[in-house]
Each structure stands twice: as C-alpha cells, then as structure tokens.
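Source file: coords-v5.tsv (TSV, C-alpha atoms)
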```tsv
chain	number	residue	atom	x	y	z
A	1	MET	CA	-3.20	10.51	-18.75
A	2	LYS	CA	0.18	10.88	-20.53
A	3	ASP	CA	1.69	13.27	-17.97
A	4	ASN	CA	-0.30	11.91	-15.03
A	5	PRO	CA	0.69	9.10	-12.63
A	6	ILE	CA	-0.86	5.64	-12.67
A	7	LEU	CA	-0.56	3.82	-9.35
A	8	SER	CA	-1.56	0.36	-8.21
A	9	MET	CA	-2.18	0.23	-4.45
A	10	ASP	CA	-2.64	-2.54	-1.88
A	11	THR	CA	-1.53	-3.89	1.51
A	12	LYS	CA	0.93	-6.78	1.50
A	13	LYS	CA	0.47	-9.75	3.82
A	14	LYS	CA	0.95	-8.70	7.45
A	15	GLU	CA	3.84	-10.26	9.37
A	16	LYS	CA	4.85	-10.66	13.02
A	17	LEU	CA	8.06	-9.07	14.26
A	18	GLY	CA	10.22	-11.44	16.28
A	19	ASP	CA	11.93	-14.83	16.30
A	20	PHE	CA	9.49	-16.57	13.99
A	21	LYS	CA	10.37	-19.03	11.25
A	22	ARG	CA	9.34	-17.97	7.76
A	23	ASN	CA	9.06	-20.11	4.65
A	24	GLY	CA	11.92	-20.00	2.19
A	25	HIS	CA	15.68	-20.47	2.13
A	26	LEU	CA	18.16	-18.53	4.23
A	27	TYR	CA	21.92	-18.90	3.81
A	28	CYS	CA	23.89	-18.21	7.00
A	29	GLN	CA	26.85	-19.54	8.98
A	30	LYS	CA	24.71	-20.70	11.88
A	31	ALA	CA	21.09	-21.81	12.03
A	32	PRO	CA	19.04	-19.12	13.82
A	33	SER	CA	16.95	-19.99	16.86
A	34	THR	CA	13.22	-19.47	16.36
A	35	TYR	CA	9.95	-20.27	18.08
A	36	THR	CA	8.15	-23.43	17.00
A	37	GLN	CA	4.79	-21.61	17.13
A	38	ASP	CA	3.86	-18.10	16.02
A	39	TYR	CA	1.60	-17.11	18.91
A	40	PRO	CA	0.76	-13.39	18.85
A	41	HIS	CA	1.92	-12.81	22.45
A	42	LEU	CA	5.46	-13.86	21.45
A	43	ALA	CA	5.72	-11.12	18.83
A	44	LYS	CA	7.70	-7.93	19.39
A	45	GLY	CA	5.41	-6.01	17.07
A	46	LYS	CA	3.31	-6.06	13.94
A	47	ILE	CA	4.50	-5.43	10.37
A	48	VAL	CA	1.87	-3.86	8.09
A	49	PRO	CA	3.43	-3.16	4.66
A	50	HIS	CA	1.30	-0.93	2.45
A	51	GLY	CA	2.55	-0.42	-1.09
A	52	LEU	CA	2.14	1.78	-4.13
A	53	TYR	CA	3.41	0.72	-7.54
A	54	ASP	CA	4.11	3.37	-10.18
A	55	MET	CA	3.26	1.58	-13.42
A	56	LYS	CA	5.04	4.14	-15.61
A	57	ARG	CA	8.31	4.33	-13.68
A	58	ASN	CA	8.45	0.70	-12.47
A	59	GLU	CA	8.95	1.86	-8.89
A	60	GLY	CA	7.46	0.72	-5.60
A	61	TYR	CA	6.80	2.87	-2.53
A	62	VAL	CA	6.18	1.03	0.72
A	63	THR	CA	5.25	2.26	4.18
A	64	ILE	CA	5.85	-0.25	6.97
A	65	GLY	CA	3.14	0.38	9.54
A	66	THR	CA	3.48	-0.87	13.10
A	67	ASN	CA	-0.13	-1.30	14.24
A	68	ASN	CA	-3.40	-1.10	12.31
A	69	GLU	CA	-4.38	-0.99	8.65
A	70	THR	CA	-6.84	1.87	8.38
A	71	ALA	CA	-8.00	4.20	5.61
A	72	ALA	CA	-5.97	7.03	7.19
A	73	PHE	CA	-2.83	4.84	7.13
A	74	LEU	CA	-3.31	4.09	3.43
A	75	ILE	CA	-3.86	7.71	2.43
A	76	ASP	CA	-0.93	8.89	4.57
A	77	ASN	CA	1.24	6.57	2.47
A	78	LEU	CA	-0.23	8.10	-0.67
A	79	ILE	CA	0.49	11.61	0.64
A	80	TRP	CA	4.07	10.60	1.49
A	81	TRP	CA	4.55	9.34	-2.07
A	82	HIS	CA	3.15	12.54	-3.55
A	83	GLN	CA	5.14	14.93	-1.35
A	84	THR	CA	8.42	13.03	-1.64
A	85	TYR	CA	8.33	11.64	-5.19
A	86	GLY	CA	5.14	12.22	-7.16
A	87	ILE	CA	5.20	16.01	-7.20
A	88	HIS	CA	8.73	15.88	-8.66
A	89	HIS	CA	8.14	13.05	-11.14
A	90	TYR	CA	4.83	14.51	-12.38
A	91	PRO	CA	4.99	18.29	-11.79
A	92	ASP	CA	2.27	19.04	-14.38
A	93	ALA	CA	-0.12	16.29	-13.30
A	94	LYS	CA	-3.83	17.05	-13.06
A	95	TYR	CA	-5.06	13.51	-12.46
A	96	LEU	CA	-4.03	10.42	-10.54
A	97	LEU	CA	-5.30	7.04	-11.75
A	98	LEU	CA	-5.51	4.61	-8.84
A	99	TYR	CA	-6.04	0.83	-9.13
A	100	LEU	CA	-7.38	-0.80	-5.93
A	101	ASP	CA	-8.86	-4.01	-4.60
A	102	ALA	CA	-12.51	-4.13	-3.55
A	103	GLY	CA	-12.00	-5.03	0.11
A	104	GLY	CA	-9.89	-4.20	3.13
A	105	ALA	CA	-9.33	-0.67	4.38
A	106	ASN	CA	-9.70	0.65	0.81
A	107	SER	CA	-13.06	-1.04	0.24
A	108	TYR	CA	-15.38	0.62	-2.26
A	109	ARG	CA	-18.15	0.32	0.36
A	110	HIS	CA	-16.37	2.18	3.18
A	111	HIS	CA	-17.20	5.82	3.80
A	112	ALA	CA	-13.96	6.19	5.76
A	113	PHE	CA	-11.87	5.47	2.68
A	114	LYS	CA	-13.79	7.95	0.53
A	115	LYS	CA	-13.38	10.57	3.26
A	116	GLU	CA	-9.63	10.03	3.23
A	117	LEU	CA	-9.51	10.18	-0.58
A	118	LEU	CA	-11.25	13.54	-0.39
A	119	ARG	CA	-8.54	14.67	2.04
A	120	PHE	CA	-5.81	13.63	-0.38
A	121	ALA	CA	-7.48	15.30	-3.37
A	122	GLN	CA	-8.01	18.54	-1.47
A	123	GLN	CA	-4.47	18.58	-0.11
A	124	THR	CA	-2.77	17.86	-3.45
A	125	GLY	CA	-5.18	19.51	-5.89
A	126	LEU	CA	-5.29	16.33	-7.99
A	127	LYS	CA	-8.38	14.69	-9.40
A	128	VAL	CA	-8.25	11.03	-8.35
A	129	VAL	CA	-9.72	8.53	-10.81
A	130	VAL	CA	-10.44	5.41	-8.73
A	131	VAL	CA	-10.80	1.93	-10.22
A	132	HIS	CA	-11.67	-0.93	-7.84
A	133	TYR	CA	-11.18	-4.49	-9.02
A	134	PRO	CA	-14.36	-6.52	-8.34
A	135	PRO	CA	-14.33	-8.99	-5.43
A	136	TYR	CA	-12.11	-12.05	-5.95
A	137	CYS	CA	-10.20	-10.33	-8.77
A	138	SER	CA	-7.34	-8.85	-6.73
A	139	LYS	CA	-4.78	-11.09	-8.43
A	140	TRP	CA	-5.15	-8.89	-11.51
A	141	ASN	CA	-4.01	-5.82	-9.60
A	142	PRO	CA	-0.54	-5.07	-11.07
A	143	ILE	CA	1.06	-4.46	-7.66
A	144	GLU	CA	0.58	-8.12	-6.74
A	145	HIS	CA	2.86	-9.60	-9.40
A	146	ARG	CA	5.08	-6.59	-10.20
A	147	LEU	CA	5.99	-5.52	-6.66
A	148	PHE	CA	4.71	-7.76	-3.86
A	149	SER	CA	5.82	-11.03	-5.47
A	150	GLN	CA	9.34	-9.60	-5.85
A	151	MET	CA	9.38	-8.35	-2.24
A	152	HIS	CA	8.27	-11.80	-1.09
A	153	ARG	CA	11.12	-13.39	-3.05
A	154	GLN	CA	13.64	-10.97	-1.59
A	155	ALA	CA	12.50	-11.70	1.98
A	156	SER	CA	12.34	-15.47	1.49
A	157	GLY	CA	13.41	-17.26	4.67
A	158	ALA	CA	14.46	-14.07	6.46
A	159	ILE	CA	13.58	-13.70	10.12
A	160	PHE	CA	12.17	-10.27	10.86
A	161	TRP	CA	13.99	-9.14	14.02
A	162	SER	CA	13.55	-5.37	13.68
A	163	TYR	CA	11.67	-2.81	11.59
A	164	GLN	CA	14.92	-1.36	10.28
A	165	GLN	CA	16.01	-4.81	9.09
A	166	VAL	CA	12.68	-5.33	7.30
A	167	LYS	CA	13.09	-1.94	5.63
A	168	GLN	CA	16.58	-2.86	4.40
A	169	ILE	CA	15.38	-6.21	3.04
A	170	TYR	CA	12.49	-4.67	1.12
A	171	GLN	CA	14.66	-1.85	-0.25
A	172	ARG	CA	17.01	-4.40	-1.84
A	173	THR	CA	14.17	-5.72	-4.00
A	174	THR	CA	14.93	-5.40	-7.71
A	175	THR	CA	14.32	-7.17	-11.04
A	176	LYS	CA	15.97	-7.49	-14.43
A	177	THR	CA	13.57	-4.82	-15.71
A	178	GLY	CA	14.97	-2.29	-13.21
A	179	LEU	CA	12.40	-2.27	-10.40
A	180	LYS	CA	13.28	0.13	-7.57
A	181	VAL	CA	11.66	0.06	-4.14
A	182	PHE	CA	11.60	2.94	-1.64
A	183	VAL	CA	10.61	2.16	1.95
A	184	ARG	CA	9.85	4.12	5.10
A	185	ILE	CA	8.74	3.15	8.61
A	186	SER	CA	5.70	4.80	10.19
A	187	GLN	CA	5.30	4.71	13.98
A	188	ILE	CA	1.96	6.55	13.90
A	189	GLN	CA	-0.70	4.82	15.98
A	190	TYR	CA	-3.86	4.43	13.88
A	191	GLN	CA	-7.07	3.74	15.76
A	192	LYS	CA	-9.42	1.09	14.40
A	193	GLY	CA	-13.18	1.18	14.65
A	194	LEU	CA	-13.67	4.90	14.03
A	195	LYS	CA	-17.05	5.35	12.37
A	196	THR	CA	-17.58	7.52	9.29
A	197	THR	CA	-21.13	8.20	8.18
A	198	LYS	CA	-22.38	9.11	4.74
A	199	ASP	CA	-23.21	12.59	6.03
A	200	GLN	CA	-19.48	13.22	6.48
A	201	ILE	CA	-18.83	12.64	2.77
A	202	ASP	CA	-19.10	15.47	0.26
A	203	ASP	CA	-20.95	13.60	-2.50
A	204	ASN	CA	-20.65	16.60	-4.80
A	205	ARG	CA	-16.92	15.88	-5.06
A	206	ILE	CA	-17.34	12.19	-5.89
A	207	LEU	CA	-18.49	11.56	-9.46
A	208	ALA	CA	-19.58	8.01	-10.25
A	209	HIS	CA	-18.66	6.70	-13.68
A	210	PRO	CA	-21.46	5.49	-16.01
A	211	GLU	CA	-20.12	1.93	-16.15
A	212	LEU	CA	-19.96	-0.01	-12.85
A	213	PRO	CA	-20.36	3.17	-10.77
A	214	GLN	CA	-19.90	1.31	-7.46
A	215	PHE	CA	-16.34	0.41	-8.49
A	216	ASN	CA	-15.36	3.39	-10.65
A	217	TYR	CA	-15.51	7.05	-9.65
A	218	THR	CA	-13.57	10.30	-9.69
A	219	VAL	CA	-12.74	12.27	-6.53
A	220	LEU	CA	-12.47	16.04	-7.07
A	221	PRO	CA	-10.18	18.40	-5.07
```

Could you spell out this file's structure in structure tokens?
Amino acid sequence: MKDNPILSMDTKKKEKLGDFKRNGHLYCQKAPSTYTQDYPHLAKGKIVPHGLYDMKRNEGYVTIGTNNETAAFLIDNLIWWHQTYGIHHYPDAKYLLLYLDAGGANSYRHHAFKKELLRFAQQTGLKVVVVHYPPYCSKWNPIEHRLFSQMHRQASGAIFWSYQQVKQIYQRTTTKTGLKVFVRISQIQYQKGLKTTKDQIDDNRILAHPELPQFNYTVLP
C-alpha cells in the first residue's frame, strides 16, 4: 500500500445551527446572547460534519452536510476527496484502505452502504479495502483523536451562526505536527429511509477477507 491512500472515515457529532450555547471558552468584547435551551424548533439548520483523515499526509477533509447522514452523503464526500485531492496526491494508486466504525450510515450490516461503496469503486477504478472496527471500539479509529478532537478544540465555545462561519472555524484547525483541514459545504438534500435489498448488491464485487469477514472485505471496481 506504499503508493496507495489510507483514510480513516467517520461522522463528527452533529450540531444545531443558531443561537445556542456551546461548551468551552470564547473570548470576545461582549457576551453573546443565546437561548437557554436547545430545542430543535429554535435551530436555523442542522450541521452534519463528515470527515476523512489521510493518515499518510496528516490532512483532514470535511463535508458539512445540512440535513441527513446517509450512505450516499458519506460516499459523495469520499468522491469529492478523490476528485479534488486524492487523484492528484496518489496518481498511481490501485487501492484505497478505508478504516470505519461498525455503526451509523457506514454500518457493516447495511446494504445501502455497500451499494454506495460499489458506486465509488466503479467510478474511480480503485479497489477499496474496507476495515470496520468492531462495535464499541470506535475510539481506536484514528480520525477521532487525530482530526475530530482537534476540530472540537478549535470550535470550543463558538456559537454556530452560519454554515460559512462553521466552515471557517474548522478550516483553521491545525496542530504542531502540521495538520491541515479542508472543508466544503454541501446543500444536497439526502433522503432517509430509502431501502436497499441484498439483491441490489453485486456480491461478485465484494470479497470477504478470511479473518472476521463481516468486518473486513474488499470492494472491486
């Protein structure tokens, strides 16, 4: 995998857009006015940050979604990374190694996620080697402590008034080791509850690994 990318992928904690107090410290000339309760009907929108962490380049790639976390949303972020950055950073790549959690929209049990992975592999021509962390082991996923923890620190105490402001805050995230974070905003409306059956999956293009095959498999183009 020397010339091939290694990515850690996950969705950061969802936030509400609006005048809501957030934990942390914020230095300003005047105390901002916020709601005392974070009722959903008071929100101006939803912030769904999905991230990719390039373990070789120490770079994060984040799409700020505005509605639902779905398998299509996750893979669209992956396609954005590949088209904008990955194809240039790894022009000779044949494989992509992807570290994921076991639950959420990228659950190892969901046919919808495998269908979207097949779409990515076919569109890019890359073989995708997928490694799911077992349930309750997500804290070992590198993106949690190498990217998301730093983004959380950067946004400490900030009130999220607009999507553009959130993007600017996340893009300023850095570390002493040179972490860089690239952020975009996606206004695409993703519909939840769409059913994907096993019959819609091309099993011939999904090769289970001998060890823990439910968590480890390769998706062929």

What does the distance from CA of Arg119 (chain A) to CA of Leu147 (chain A) come to in Å, to one decimal?
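CA of Arg119 (chain A) sits 26.4 Å away from CA of Leu147 (chain A).
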
For CA of Tyr190 (chain A) and CA of Asn77 (chain A), the interatomic separation in Å (one decimal):
12.7 Å

Selection: 8 Å around Ser8 (chain A), all atoms listed in the file, excl. self and same-chain fewer than 4 positions, as a list in words:
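Contacts, in chain order: Leu52, Tyr53, Asp54, Met55, Leu98, Tyr99, Leu100, Asn141, Pro142 and Ile143 of chain A.
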
Which of these residues is nearest to Asp202 (chain A), using all atoms listed in the file: A:Gln122, A:Leu17, A:Phe148, A:Ala105?
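So, comparing all the options, the nearest one is A:Gln122.
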
Given 8 Å of margin on each side, can you work out the centre and size in Å (one decimal) of an axis-aligned box holding every listed atom of region 45-56 of chain A, as JSON?
```
{"center_x": 3.4, "center_y": -1.0, "center_z": 0.7, "size_x": 20.1, "size_y": 26.2, "size_z": 48.7}
```

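Distance check against Tyr35 (chain A) using only C-alpha atoms: of A:Pro213, A:Gly157, A:Gly103, A:Gly18, the minimum falls on A:Gly18.
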
Residue among A:Val219, A:Ile79, A:Leu7, A:Leu117 lying closest to Lys56 (chain A), counting all atoms listed in the file
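For Lys56 (chain A), the nearest of the candidates is A:Leu7.
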
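Counting all atoms listed in the file and comparing A:Gly178, A:Gly125, A:Pro134, A:Gly51, the residue that lies closest to Pro221 (chain A) is A:Gly125.
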
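You will find CA of His88 (chain A) at 20.7 Å from CA of Leu74 (chain A).
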
Pick the closest to Lys176 (chain A) from A:Thr34, A:Arg146, A:His25, A:Glu211: which is it, counting all atoms listed in the file?
A:Arg146

From the options A:Phe182, A:Ala112, A:Ala208, A:Asn4, which residue's atoms come nearest to Trp81 (chain A), counting all atoms listed in the file?
A:Phe182

Residue contacts of Lys198 (chain A) (10 Å, all atoms listed in the file) excluding same-chain residues fewer than 5 positions away, as number ranges by chain
A: 110-112, 114-115, 203

Which residues come within 12 Å of Ser186 (chain A), counting only C-alpha atoms, excluding same-chain residues fewer than 3 positions away, as a PyMOL selection string?
chain A and resi 46-50+62-69+73-74+76-77+80+163-164+167+183+189-190

Create the file for the chosen residues now, containing C-alpha atoms and written as a short mmCIF file (atom, residue, chain, number, x, y, z; two decimals), in the frame of the given file.
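Result written to selection-v3.cif:
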```
data_model
loop_
_atom_site.label_atom_id
_atom_site.label_comp_id
_atom_site.auth_asym_id
_atom_site.auth_seq_id
_atom_site.Cartn_x
_atom_site.Cartn_y
_atom_site.Cartn_z
CA LYS A 46 3.31 -6.06 13.94
CA ILE A 47 4.50 -5.43 10.37
CA VAL A 48 1.87 -3.86 8.09
CA PRO A 49 3.43 -3.16 4.66
CA HIS A 50 1.30 -0.93 2.45
CA VAL A 62 6.18 1.03 0.72
CA THR A 63 5.25 2.26 4.18
CA ILE A 64 5.85 -0.25 6.97
CA GLY A 65 3.14 0.38 9.54
CA THR A 66 3.48 -0.87 13.10
CA ASN A 67 -0.13 -1.30 14.24
CA ASN A 68 -3.40 -1.10 12.31
CA GLU A 69 -4.38 -0.99 8.65
CA PHE A 73 -2.83 4.84 7.13
CA LEU A 74 -3.31 4.09 3.43
CA ASP A 76 -0.93 8.89 4.57
CA ASN A 77 1.24 6.57 2.47
CA TRP A 80 4.07 10.60 1.49
CA TYR A 163 11.67 -2.81 11.59
CA GLN A 164 14.92 -1.36 10.28
CA LYS A 167 13.09 -1.94 5.63
CA VAL A 183 10.61 2.16 1.95
CA GLN A 189 -0.70 4.82 15.98
CA TYR A 190 -3.86 4.43 13.88
#
```

Contacts of Thr36 (chain A) within 10 Å, only C-alpha atoms, excl. fewer than 4 positions in-chain, as a ChimeraX atom specification:
/A:19-21

Skip Pro5 (chain A) itself and residues of its chain fewer than 3 positions away, then list as a ChimeraX atom specification all residues within 7 Å of it, counting only C-alpha atoms.
/A:90,96-97
